[in-house]
Amino acid sequence: MRHFRIVRLIAAVFAVVVILAFSYVDAIAGWHAVGSVTKISEQTKNGVVLDTSSGARVSVVFFDANTIRVRVAPNGEFERGPDYAFDPSHPRTEPTVTNEKTATSIVVTGPDGTKVIIQRTPFSVKIVDANGETIVQDDTKHETMFDSETGEIQTTKLRRSEVETYYGFGEKAFAEMSRDGKYVVNWNTDTFSYPIGTDPIYESIPFFYALSHGRSYGLFFNNTYRTYFDMGKTSPERYTFGSAGGELDYFVFTGGTEHSPRNVISAYADLTGKTPLPPIWALGNQQSRWSYFPESRVREIAAGFRKNKIPADVIYLDIDYMNGYRVFTWDKTRFPDPKKMVADLRADGFKTVLIIDPGIKVDENYSVYKDGQRNGIFVKNPDGSELNRDVWPQAAAFPDFTDPKARAWFGAQYKGDVEDGIAGFWNDMNEPGVFMNAKTEKPEVLHHPAKTFPLDIPHKGDGFPGTHRRYHNVFGMQMARSTFEGVSKLRPEARPFVLTRAGFAGVQRYSAVWTGDNYASWDHMALSIPMLANLSVSGVPFVGCDVGGFNEMPSGELYARWLQAAALTPFFRSHSVGWVGNKEPWEYGDEFTRINRQTVELRYKFLPYLYTFFREHERSGAPVMRPVWFEFPKDEQTYLISDQYMVGSDVLVTPVVKQGTVSREVYLPAGADWVNWWTGEKFEGGKAQKVDAPIDRLPIFVRVGAVIPTQAVIQNTTEMASSPVTLNVVAGIAAGKTDTSSLYEDSGDGYGYRGSEWKEVRLEHRRGSLKISRTGKFAGQQIRFLEIVGIDAKPKAVNASGKDLAFTFDPATRRVRVELSGSETDISLVR
C-alpha cells in the first residue's frame, strides 16, 4: 500500500513537472540564441559579415577608427530604412582593418590596434584596446537572444566593475547623476508633473557612457522601437539592453587611446550631428506662461521687464493665442493686430516665440485641415481612414512626419507666422501625446497606452513603411525637423530657433530641448541638474528646464534659488501654468526682485563665455553644460556629484538646492586649483569646502589659469555690440605652465560666420603675463577691461607693451581691475 502511494506521488510530481516544463517551453518557444558562427559570408574593407546557426546574420565593422558597429539581423536580412539618428552631412571614411581567423575566433583589428574578438561558439563579441585592456565584452553565459514571434531582441554585457558608473540616456527623471542600478525605458510619453523617478518621459536617446577608474566608452543602440536597458539593476555583474522589435544595431565608441568622455562625445556627435550655432537672442532670458493673453497682457509683461530692469529677450505665446486651438491661426479678439504687436515687441528688444502642436483641428471650414486632407498629409488608420484623436482642439488629424511630403507641407505652413515676424517656434505634444476620454480603459495610469497612437498605425517611414511601433519615438524629432527645415527655407538669412518637447537621438540637429512639465518643488529643482547634465552629454547641448516649476506655485525663495541654479544653463526660460498666480521674477516682493535681477544680470554678463562654448560644440560636439565627471574623469570623487555642474571647461556652478540653506559643501575636483568667483579665495582641488551661499548669491568657482570673457550688464542681446568685454584672468597659474582660452564672436545671427564674418580672440596665460591675439574679419565687441581674479596683494604695476596701465585693487574681492584701450596684445603683471 505504501509502495502504491509512493508510485502515485511520483506520478503526480512527474505530471506537475511535465506541465511546468511545457508551460516554460511555450513561454520561451519564440526565443532563440544567435548560436554559433557557421561561416564568414563576406569580408569588407572595414569588417566582416557572418552567418550563424540560428539563421541570424551578423555584421561587425569599424565604422570609423574609434567606433565599432555591431548588427544582428534575426531573420538573416539587415534592416533597411531611414537612419533618422545619423547626420547625413558628416563625411565618413571607412578605415581599413585586418582579419585573423582561428578555429575558435575571428579577430578584426582596427587602425589604432583596437581589436574586436568574435568568439565562434557561442557567438560573442569582446572589444579590447591596443594594450589588451577590455573596453566592453558580451556575457557568454547570457547569449544574444531574439524572439522570432514577437520580434524582441536583447544582448548582455559584463560590467568592468560593480561600481562602474553610467551616464547619458538623454532625458531621465532620476535624481542621481549616475544611471548604474537603473532600469531605463525609451518610449516618448506625455507625463505631466512627473514624479521623480518616472520613466519613460518625453525624450528617447538610447546612448550612454560607461566610466570606470578614469576609462570611458560609449554605446548607442540604434533602434527606434521601444527599448530598455537594465544597468545592473537585476544583476550587478552585467547589464542588458534590448528592444521590442527591429534588429540589434549598436555602436561602441572606444574613447580613443585616452578612453576619454570628450573623445566619446566627439565620435557620437560625428555620427548623430551637432547643434548649429543658435541665434544669440536665444541664449537670453526667456519668459513664458500658459498663457499670456490678451495682447494687453503681453505688452504688460514686456513693460514689467523693462520697468524692473530685469534683462530679457523672449516672450512666449502658449496655445491660447490661437483661434480655437487651430495651429497657424490667431484669435483676432485677443490679438487684433499680431504683426504690429510683434513689431512693437521687437523694437523694445523682445523676440516672440509661438507654440505649434502637431494636432490639426478636424474642421471642414479650416483651410489648413482641408489642404492637408487634399494633399494626403495625415496619418491613416490601418483601414486607410484618417486617424483622429482628441487634443486641445478636440478631434484632430496629424501629419505623418516620417513622410518627406508631409514635413515639407507642414514646414510651409509657418509662412504666415514668419511674415508676422515671429522669431522662433515651440513644438509641444509631439511624443505624440493625445487625450484620454470616457471610453478609455481605467484606471488612467501615467503611461497609459491610449495616450498616444495605436501601435498598428502605419507610417511612410521615408520610403520604408512601418508601424507606429517602429516610428513612435521619432515622431517628435521629425516634427522638429519639419519646423527647422521649413523656417530655414522661409527665412534663409536667419538662424532658426526651434524648441521641442519630444525627440530621439540626433534631435540636436534641429532643436533645443526642455525637460517638459516639471513641478514647483525643491526636489524638482535639484532634479534639473542631473537631468540637464545627462541630456547635455547625450549630444543635446541646448537644454533647459521650466525655471520655477511648471506646475504649482514656488515660494519666493524657491524661485530665486531655481533662477540661480538655471542662470548658466544653456537654455534659460521661466514657464508656468496660469492657474496658480503670477510667477514673473518681480512678483515675490522688492527684495526678491533685486535678487532675481542680479541673477539674470549674471546670465547676461556670461553670455560671451556661453556663446563661445556653443561655437565649440558646433566644431567638436563637446557640450556647453557638463557634469563634473566629464571634465575630470580621473577624479572618482566626481562620479556621483549631482548638485554641481561645469559650464565649459572653466566654470564650476554649485547651486543651493535645499530650502533655508545659506551655506553648502562644495567638492572642487582634483586636477585643477579653484578660485571663488565672488571672494577671490583660492582652493586646492581634490577637496571639499564649506562655502557661504547667502540668498542673493550663486556659488561659482573658476579654474586657476583660465581666462573668462564677460560683458557689462545689458537689457537684451541687441545691446551686445556696444557692451565692453572684460577678460577675467584667474590668478595662481604654476610657473612654466601655459593655459589657453578663447573668445568667439560673430553677428549673433545669420550665416556670415561660415564665411569670414567672425572673430576669435586667443588668450595665452602664463604666470604674470597674458598674450592676446585676434583672427577673423568681424569687428566684434571691444575688450576694454582686464580683471585679475584671486590675487592676494596689490601688484607693483600692470603694463602693456612697456607702458604702465592704471589699475585698482580691491582686497575684499582679491581683484585687480585694469582699463584697456582695446588694442593690447601683451599685458604683464609686476609683483
# chains A, B, ... in the order shown; residues from 1 in each chain; ligands from 1
$ residues_around --residues "region 65-75 of chain A" --least-positions-apart "6" --cutoff "9 Å" --atoms "only C-alpha atoms" --output "number ranges by chain"
A: 34, 54-59, 94-96, 110-112, 114, 116, 125, 127, 144-148, 151, 153, 246-257, 263-264, 267-268
$ write_last_selection --atoms "N, CA and C atoms" --output "compact mmCIF listing (two decimals), in the first residue's frame"
# COMPACT_ATOMS: atom_id res chain seq x y z
N VAL A 34 21.51 33.44 -30.72
CA VAL A 34 22.11 33.62 -32.05
C VAL A 34 22.87 32.37 -32.46
N SER A 54 21.62 29.95 -36.06
CA SER A 54 20.20 30.26 -35.86
C SER A 54 19.55 30.86 -37.10
N GLY A 55 20.36 31.17 -38.10
CA GLY A 55 19.87 31.86 -39.28
C GLY A 55 20.05 33.36 -39.20
N ALA A 56 20.40 33.87 -38.04
CA ALA A 56 20.67 35.30 -37.90
C ALA A 56 21.96 35.65 -38.63
N ARG A 57 22.01 36.84 -39.13
CA ARG A 57 23.23 37.33 -39.78
C ARG A 57 23.83 38.44 -38.93
N VAL A 58 25.16 38.48 -38.87
CA VAL A 58 25.88 39.41 -38.00
C VAL A 58 26.85 40.23 -38.84
N SER A 59 26.92 41.52 -38.55
CA SER A 59 27.93 42.39 -39.17
C SER A 59 28.73 43.05 -38.06
N GLU A 94 35.75 55.05 -44.41
CA GLU A 94 35.86 53.73 -43.79
C GLU A 94 37.32 53.39 -43.55
N PRO A 95 37.67 52.99 -42.33
CA PRO A 95 39.06 52.58 -42.08
C PRO A 95 39.33 51.20 -42.68
N THR A 96 40.58 50.92 -42.87
CA THR A 96 40.99 49.60 -43.35
C THR A 96 41.39 48.75 -42.15
N GLY A 110 41.54 47.18 -35.85
CA GLY A 110 41.41 48.49 -36.45
C GLY A 110 42.73 49.20 -36.59
N PRO A 111 42.72 50.42 -37.16
CA PRO A 111 43.96 51.13 -37.48
C PRO A 111 44.79 51.53 -36.26
N ASP A 112 44.14 51.68 -35.07
CA ASP A 112 44.92 52.07 -33.89
C ASP A 112 45.24 50.89 -32.99
N THR A 114 43.01 48.67 -31.86
CA THR A 114 41.82 48.15 -31.19
C THR A 114 41.36 46.87 -31.89
N VAL A 116 38.46 43.66 -32.20
CA VAL A 116 37.17 43.05 -31.92
C VAL A 116 37.37 41.54 -32.03
N VAL A 125 31.04 38.90 -28.64
CA VAL A 125 31.95 39.97 -29.07
C VAL A 125 32.68 40.53 -27.86
N ILE A 127 35.67 43.61 -27.15
CA ILE A 127 36.46 44.69 -27.74
C ILE A 127 37.57 45.05 -26.76
N THR A 144 23.27 36.55 -26.74
CA THR A 144 22.38 37.41 -27.50
C THR A 144 21.21 36.57 -28.00
N MET A 145 19.98 37.07 -27.71
CA MET A 145 18.77 36.29 -27.97
C MET A 145 17.79 37.10 -28.81
N PHE A 146 16.92 36.39 -29.51
CA PHE A 146 15.82 37.05 -30.21
C PHE A 146 14.60 36.16 -30.19
N ASP A 147 13.44 36.78 -30.29
CA ASP A 147 12.16 36.08 -30.31
C ASP A 147 11.58 36.21 -31.70
N SER A 148 11.54 35.11 -32.42
CA SER A 148 11.09 35.14 -33.81
C SER A 148 9.60 35.42 -33.94
N GLY A 151 9.44 39.55 -32.30
CA GLY A 151 10.41 40.50 -32.84
C GLY A 151 11.35 41.08 -31.81
N ILE A 153 14.46 41.46 -29.17
CA ILE A 153 15.87 41.05 -29.24
C ILE A 153 16.61 41.69 -28.08
N GLY A 246 12.73 45.21 -34.44
CA GLY A 246 13.89 45.66 -35.20
C GLY A 246 15.09 44.77 -34.97
N GLU A 247 16.24 45.26 -35.32
CA GLU A 247 17.45 44.46 -35.16
C GLU A 247 18.31 45.02 -34.03
N LEU A 248 19.26 44.20 -33.62
CA LEU A 248 20.27 44.66 -32.67
C LEU A 248 21.32 45.41 -33.48
N ASP A 249 21.39 46.71 -33.29
CA ASP A 249 22.30 47.55 -34.06
C ASP A 249 22.88 48.56 -33.08
N TYR A 250 24.13 48.32 -32.67
CA TYR A 250 24.70 49.22 -31.68
C TYR A 250 26.12 49.63 -32.07
N PHE A 251 26.49 50.82 -31.59
CA PHE A 251 27.80 51.41 -31.84
C PHE A 251 28.54 51.50 -30.51
N VAL A 252 29.78 51.10 -30.51
CA VAL A 252 30.64 51.26 -29.35
C VAL A 252 31.68 52.33 -29.69
N PHE A 253 31.72 53.38 -28.88
CA PHE A 253 32.69 54.47 -29.04
C PHE A 253 33.79 54.24 -28.02
N THR A 254 34.99 53.93 -28.50
CA THR A 254 36.06 53.48 -27.60
C THR A 254 36.66 54.60 -26.78
N GLY A 255 36.45 55.85 -27.19
CA GLY A 255 37.07 56.96 -26.48
C GLY A 255 38.51 57.20 -26.89
N GLY A 256 38.93 56.58 -28.00
CA GLY A 256 40.29 56.77 -28.48
C GLY A 256 41.32 56.18 -27.54
N THR A 257 42.56 56.52 -27.74
CA THR A 257 43.62 55.95 -26.91
C THR A 257 43.52 56.42 -25.46
N ASN A 263 36.41 62.29 -26.08
CA ASN A 263 36.52 61.56 -27.35
C ASN A 263 35.25 60.79 -27.66
N VAL A 264 34.58 60.30 -26.62
CA VAL A 264 33.32 59.58 -26.83
C VAL A 264 32.28 60.51 -27.44
N ALA A 267 32.94 61.39 -31.13
CA ALA A 267 32.57 60.34 -32.08
C ALA A 267 31.05 60.22 -32.20
N TYR A 268 30.35 60.33 -31.07
CA TYR A 268 28.89 60.25 -31.10
C TYR A 268 28.31 61.42 -31.89
$ closest_atom_pairs --of "region 651-710 of chain A" --to "region 631-642 of chain A" --cutoff "12 Å" --atoms "only C-alpha atoms" --output "CSV"
residue,atom,partner,partner_atom,distance
A:Val651,CA,A:Glu631,CA,10.7
A:Leu652,CA,A:Glu631,CA,10.4
A:Val653,CA,A:Ser642,CA,11.4
A:Thr654,CA,A:Ser642,CA,9.9
A:Pro655,CA,A:Ser642,CA,10.6
A:Val656,CA,A:Ser642,CA,11.9
A:Val657,CA,A:Ser642,CA,10.5
A:Glu665,CA,A:Ile641,CA,11.6
A:Val666,CA,A:Ile641,CA,9.8
A:Tyr667,CA,A:Thr638,CA,8.0
A:Leu668,CA,A:Thr638,CA,8.8
A:Pro669,CA,A:Thr638,CA,6.8
A:Ala670,CA,A:Asp635,CA,6.1
A:Gly671,CA,A:Phe632,CA,7.2
A:Ala672,CA,A:Phe632,CA,9.2
A:Gly685,CA,A:Asp635,CA,10.1
A:Gly686,CA,A:Asp635,CA,7.8
A:Lys687,CA,A:Gln637,CA,9.3
A:Ala688,CA,A:Gln637,CA,10.0
A:Arg703,CA,A:Glu631,CA,11.5
$ write_last_selection --atoms "N, CA, C and O atoms" --output "CSV table (one decimal), in the first residue's frame"
chain,number,residue,atom,x,y,z
A,651,VAL,N,34.3,76.9,-15.6
A,651,VAL,CA,33.4,77.5,-14.6
A,651,VAL,C,32.6,76.4,-13.9
A,651,VAL,O,32.0,75.6,-14.6
A,652,LEU,N,32.7,76.3,-12.6
A,652,LEU,CA,32.0,75.3,-11.8
A,652,LEU,C,30.9,76.0,-11.0
A,652,LEU,O,31.1,76.9,-10.2
A,653,VAL,N,29.7,75.6,-11.3
A,653,VAL,CA,28.5,76.1,-10.7
A,653,VAL,C,28.0,75.2,-9.6
A,653,VAL,O,27.8,74.0,-9.8
A,654,THR,N,27.7,75.8,-8.4
A,654,THR,CA,27.4,74.9,-7.3
A,654,THR,C,26.1,75.5,-6.6
A,654,THR,O,26.2,76.1,-5.5
A,655,PRO,N,24.9,75.3,-7.2
A,655,PRO,CA,23.7,76.0,-6.7
A,655,PRO,C,23.3,75.5,-5.3
A,655,PRO,O,23.7,74.3,-4.9
A,656,VAL,N,22.5,76.2,-4.6
A,656,VAL,CA,21.8,75.8,-3.4
A,656,VAL,C,20.6,75.2,-3.8
A,656,VAL,O,19.7,75.8,-4.5
A,657,VAL,N,20.4,73.9,-3.4
A,657,VAL,CA,19.2,73.1,-3.8
A,657,VAL,C,18.3,72.7,-2.6
A,657,VAL,O,17.5,71.8,-2.8
A,665,GLU,N,28.3,72.6,1.2
A,665,GLU,CA,29.6,71.9,0.9
A,665,GLU,C,29.8,71.8,-0.6
A,665,GLU,O,28.8,71.4,-1.3
A,666,VAL,N,30.9,72.1,-1.0
A,666,VAL,CA,31.3,72.1,-2.5
A,666,VAL,C,32.5,71.2,-2.6
A,666,VAL,O,33.5,71.3,-1.9
A,667,TYR,N,32.4,70.3,-3.6
A,667,TYR,CA,33.6,69.5,-3.9
A,667,TYR,C,34.3,70.1,-5.1
A,667,TYR,O,33.7,70.3,-6.2
A,668,LEU,N,35.6,70.4,-5.0
A,668,LEU,CA,36.4,71.1,-6.0
A,668,LEU,C,37.3,70.0,-6.6
A,668,LEU,O,38.1,69.4,-6.0
A,669,PRO,N,37.1,69.7,-7.9
A,669,PRO,CA,37.7,68.5,-8.5
A,669,PRO,C,39.3,68.6,-8.5
A,669,PRO,O,39.8,69.7,-8.7
A,670,ALA,N,39.9,67.4,-8.4
A,670,ALA,CA,41.3,67.3,-8.5
A,670,ALA,C,41.7,67.5,-9.9
A,670,ALA,O,41.0,67.2,-10.8
A,671,GLY,N,43.0,67.9,-10.1
A,671,GLY,CA,43.4,68.2,-11.4
A,671,GLY,C,43.5,69.6,-11.8
A,671,GLY,O,43.9,70.1,-12.9
A,672,ALA,N,43.0,70.5,-10.9
A,672,ALA,CA,43.0,71.9,-11.0
A,672,ALA,C,42.9,72.6,-9.6
A,672,ALA,O,42.5,71.9,-8.7
A,685,GLY,N,42.4,71.8,-5.5
A,685,GLY,CA,41.5,70.8,-6.0
A,685,GLY,C,41.6,69.5,-5.3
A,685,GLY,O,42.6,69.2,-4.6
A,686,GLY,N,40.5,68.7,-5.4
A,686,GLY,CA,40.5,67.4,-4.8
A,686,GLY,C,40.0,67.4,-3.3
A,686,GLY,O,40.2,66.4,-2.6
A,687,LYS,N,39.4,68.5,-2.9
A,687,LYS,CA,39.0,68.6,-1.5
A,687,LYS,C,37.6,69.2,-1.5
A,687,LYS,O,37.2,70.0,-2.4
A,688,ALA,N,36.8,68.9,-0.4
A,688,ALA,CA,35.5,69.6,-0.2
A,688,ALA,C,35.7,70.8,0.7
A,688,ALA,O,36.5,70.8,1.6
A,703,ARG,N,38.4,78.0,-12.7
A,703,ARG,CA,39.6,77.2,-12.7
A,703,ARG,C,40.9,78.1,-12.8
A,703,ARG,O,40.9,79.0,-13.6
$ residues_around --residues "region 484-498 of chain A" --least-positions-apart "6" --cutoff "7 Å" --atoms "only C-alpha atoms" --output "PyMOL selection string"
chain A and resi 278-279+408+411-412+414-415+424-426+510-512+749-750
$ write_last_selection --atoms "N, CA and C atoms" --output "CSV table (one decimal), in the first residue's frame"
chain,number,residue,atom,x,y,z
A,278,PRO,N,23.2,78.7,-32.5
A,278,PRO,CA,21.9,79.3,-32.4
A,278,PRO,C,22.0,80.9,-32.5
A,279,PRO,N,20.9,81.5,-32.8
A,279,PRO,CA,20.9,83.0,-32.7
A,279,PRO,C,21.2,83.4,-31.3
A,408,ALA,N,7.5,68.7,-45.6
A,408,ALA,CA,7.6,69.9,-46.4
A,408,ALA,C,6.3,70.7,-46.4
A,411,GLY,N,6.1,72.4,-42.8
A,411,GLY,CA,7.1,73.5,-42.8
A,411,GLY,C,6.7,74.7,-43.5
A,412,ALA,N,6.0,74.5,-44.6
A,412,ALA,CA,5.5,75.7,-45.4
A,412,ALA,C,4.3,76.4,-44.7
A,414,TYR,N,4.3,77.6,-41.8
A,414,TYR,CA,4.9,78.6,-41.0
A,414,TYR,C,5.0,80.0,-41.7
A,415,LYS,N,4.6,80.0,-43.0
A,415,LYS,CA,4.8,81.2,-43.8
A,415,LYS,C,4.2,82.4,-43.2
A,424,GLY,N,10.7,82.5,-33.4
A,424,GLY,CA,11.0,81.1,-33.1
A,424,GLY,C,9.7,80.3,-32.8
A,425,PHE,N,9.9,79.0,-32.8
A,425,PHE,CA,8.7,78.1,-32.7
A,425,PHE,C,9.0,77.0,-31.7
A,426,TRP,N,7.9,76.6,-31.0
A,426,TRP,CA,8.0,75.7,-29.9
A,426,TRP,C,7.0,74.6,-30.2
A,510,TYR,N,18.3,69.8,-35.0
A,510,TYR,CA,17.1,70.7,-35.4
A,510,TYR,C,16.6,71.6,-34.3
A,511,SER,N,16.9,71.2,-33.0
A,511,SER,CA,16.1,71.9,-32.0
A,511,SER,C,16.8,71.9,-30.6
A,512,ALA,N,16.4,72.9,-29.8
A,512,ALA,CA,16.7,72.9,-28.4
A,512,ALA,C,15.6,72.0,-27.7
A,749,ASP,N,23.6,86.2,-35.5
A,749,ASP,CA,22.5,85.6,-36.3
A,749,ASP,C,23.0,85.6,-37.7
A,750,GLY,N,22.3,84.8,-38.6
A,750,GLY,CA,22.7,84.7,-39.9
A,750,GLY,C,23.9,83.7,-40.1
$ residues_around --residues "region 313-319 of chain A" --least-positions-apart "2" --cutoff "9 Å" --atoms "only C-alpha atoms" --output "number ranges by chain"
A: 281-293, 298, 301-302, 311, 321-322, 324-327, 345, 349-357, 392, 426, 573, 575, 715-718
$ select_by_dssp --residues "region 425-667 of chain A" --states "strand (DSSP E or B)" --output "ChimeraX atom specification"
/A:425-427,458-459,466-467,498-500,503-504,512-514,519,543-544,546-547,551,573-574,577,625-626,645-647,651-653,663-667
$ residues_around --residues "Asp696 (chain A)" --least-positions-apart "5" --cutoff "9 Å" --atoms "only C-alpha atoms" --output "PyMOL selection string"
chain A and resi 560-561+564+592+594-596+598-599
$ atom_distance --atom1 "CA of Val580 (chain A)" --atom2 "CA of Thr191 (chain A)"
19.5 Å
$ residues_around --residues "Asp371 (chain A)" --least-positions-apart "4" --cutoff "12 Å" --atoms "only C-alpha atoms" --output "ChimeraX atom specification"
/A:360,362-367,375-378,397,399,406,409-410,412-413
$ residues_around --residues "Tyr202 (chain A)" --least-positions-apart "4" --cutoff "8 Å" --atoms "only C-alpha atoms" --output "list of chain:residue names"
A:Glu171, A:Trp187, A:Asn188, A:Thr189, A:Asp190, A:Thr191, A:Glu431, A:Arg501, A:Ala502, A:Gly503, A:Thr515, A:Gly516
$ atom_distance --atom1 "CA of Ile733 (chain A)" --atom2 "CA of His765 (chain A)"
8.2 Å
$ select_by_dssp --residues "region 508-673 of chain A" --states "helix (DSSP H, G or I)" --output "ChimeraX atom specification"
/A:508-509,522-536,556-566,590-605,607-620,628-631,636-638
$ closest_residue --among "A:Cys545, A:Ile196, A:Ala210, A:Val368" --to "Val136 (chain A)" --atoms "only C-alpha atoms"
A:Ala210
$ closest_atom_pairs --of "region 630-653 of chain A" --to "region 537-544 of chain A" --cutoff "12 Å" --atoms "only C-alpha atoms" --output "Markdown table"
| residue | atom | partner | partner_atom | distance |
| --- | --- | --- | --- | --- |
| A:Phe630 | CA | A:Val537 | CA | 8.3 |
| A:Glu631 | CA | A:Val537 | CA | 11.2 |
| A:Tyr645 | CA | A:Val537 | CA | 11.9 |
| A:Met646 | CA | A:Val537 | CA | 11.7 |
| A:Val647 | CA | A:Pro541 | CA | 11.1 |
| A:Gly648 | CA | A:Pro541 | CA | 11.0 |
$ atom_distance --atom1 "CA of Phe207 (chain A)" --atom2 "CA of Ile265 (chain A)"
10.3 Å
$ closest_residue --among "A:Asp523, A:Val818, A:Thr150, A:Asn799" --to "Gly197 (chain A)" --atoms "only C-alpha atoms"
A:Asp523
$ decode --residues "region 584-600 of chain A" --atoms "N, CA and C atoms" --output "PDB file, in the first residue's frame"
ATOM      1  N   GLU A 584       6.210  85.837 -12.471  1.00  0.00           N
ATOM      2  CA  GLU A 584       7.298  86.595 -13.067  1.00  0.00           C
ATOM      3  C   GLU A 584       8.312  86.969 -11.979  1.00  0.00           C
ATOM      4  N   PRO A 585       9.545  87.286 -12.349  1.00  0.00           N
ATOM      5  CA  PRO A 585      10.600  87.459 -11.335  1.00  0.00           C
ATOM      6  C   PRO A 585      10.399  88.661 -10.402  1.00  0.00           C
ATOM      7  N   TRP A 586       9.459  89.557 -10.704  1.00  0.00           N
ATOM      8  CA  TRP A 586       9.206  90.693  -9.817  1.00  0.00           C
ATOM      9  C   TRP A 586       7.962  90.478  -8.936  1.00  0.00           C
ATOM     10  N   GLU A 587       7.400  89.274  -8.943  1.00  0.00           N
ATOM     11  CA  GLU A 587       6.139  89.022  -8.248  1.00  0.00           C
ATOM     12  C   GLU A 587       6.316  88.508  -6.820  1.00  0.00           C
ATOM     13  N   TYR A 588       7.537  88.538  -6.294  1.00  0.00           N
ATOM     14  CA  TYR A 588       7.782  87.965  -4.962  1.00  0.00           C
ATOM     15  C   TYR A 588       8.243  89.007  -3.945  1.00  0.00           C
ATOM     16  N   GLY A 589       8.007  90.278  -4.250  1.00  0.00           N
ATOM     17  CA  GLY A 589       8.401  91.342  -3.330  1.00  0.00           C
ATOM     18  C   GLY A 589       9.691  92.014  -3.758  1.00  0.00           C
ATOM     19  N   ASP A 590       9.942  93.186  -3.198  1.00  0.00           N
ATOM     20  CA  ASP A 590      11.070  94.013  -3.637  1.00  0.00           C
ATOM     21  C   ASP A 590      12.419  93.332  -3.448  1.00  0.00           C
ATOM     22  N   GLU A 591      12.613  92.641  -2.313  1.00  0.00           N
ATOM     23  CA  GLU A 591      13.917  92.033  -2.067  1.00  0.00           C
ATOM     24  C   GLU A 591      14.200  90.912  -3.065  1.00  0.00           C
ATOM     25  N   PHE A 592      13.198  90.089  -3.331  1.00  0.00           N
ATOM     26  CA  PHE A 592      13.413  89.026  -4.322  1.00  0.00           C
ATOM     27  C   PHE A 592      13.527  89.593  -5.736  1.00  0.00           C
ATOM     28  N   THR A 593      12.856  90.706  -6.003  1.00  0.00           N
ATOM     29  CA  THR A 593      13.042  91.347  -7.314  1.00  0.00           C
ATOM     30  C   THR A 593      14.495  91.747  -7.497  1.00  0.00           C
ATOM     31  N   ARG A 594      15.085  92.332  -6.451  1.00  0.00           N
ATOM     32  CA  ARG A 594      16.509  92.701  -6.513  1.00  0.00           C
ATOM     33  C   ARG A 594      17.384  91.482  -6.748  1.00  0.00           C
ATOM     34  N   ILE A 595      17.123  90.411  -5.993  1.00  0.00           N
ATOM     35  CA  ILE A 595      17.930  89.189  -6.108  1.00  0.00           C
ATOM     36  C   ILE A 595      17.782  88.583  -7.497  1.00  0.00           C
ATOM     37  N   ASN A 596      16.539  88.528  -7.990  1.00  0.00           N
ATOM     38  CA  ASN A 596      16.302  87.921  -9.300  1.00  0.00           C
ATOM     39  C   ASN A 596      16.901  88.757 -10.418  1.00  0.00           C
ATOM     40  N   ARG A 597      16.853  90.086 -10.275  1.00  0.00           N
ATOM     41  CA  ARG A 597      17.508  90.955 -11.259  1.00  0.00           C
ATOM     42  C   ARG A 597      19.000  90.656 -11.308  1.00  0.00           C
ATOM     43  N   GLN A 598      19.611  90.555 -10.146  1.00  0.00           N
ATOM     44  CA  GLN A 598      21.047  90.287 -10.047  1.00  0.00           C
ATOM     45  C   GLN A 598      21.401  88.955 -10.701  1.00  0.00           C
ATOM     46  N   THR A 599      20.546  87.948 -10.526  1.00  0.00           N
ATOM     47  CA  THR A 599      20.802  86.632 -11.119  1.00  0.00           C
ATOM     48  C   THR A 599      20.732  86.689 -12.636  1.00  0.00           C
ATOM     49  N   VAL A 600      19.713  87.360 -13.156  1.00  0.00           N
ATOM     50  CA  VAL A 600      19.579  87.448 -14.615  1.00  0.00           C
ATOM     51  C   VAL A 600      20.710  88.292 -15.197  1.00  0.00           C
TER      52      VAL A 600
END
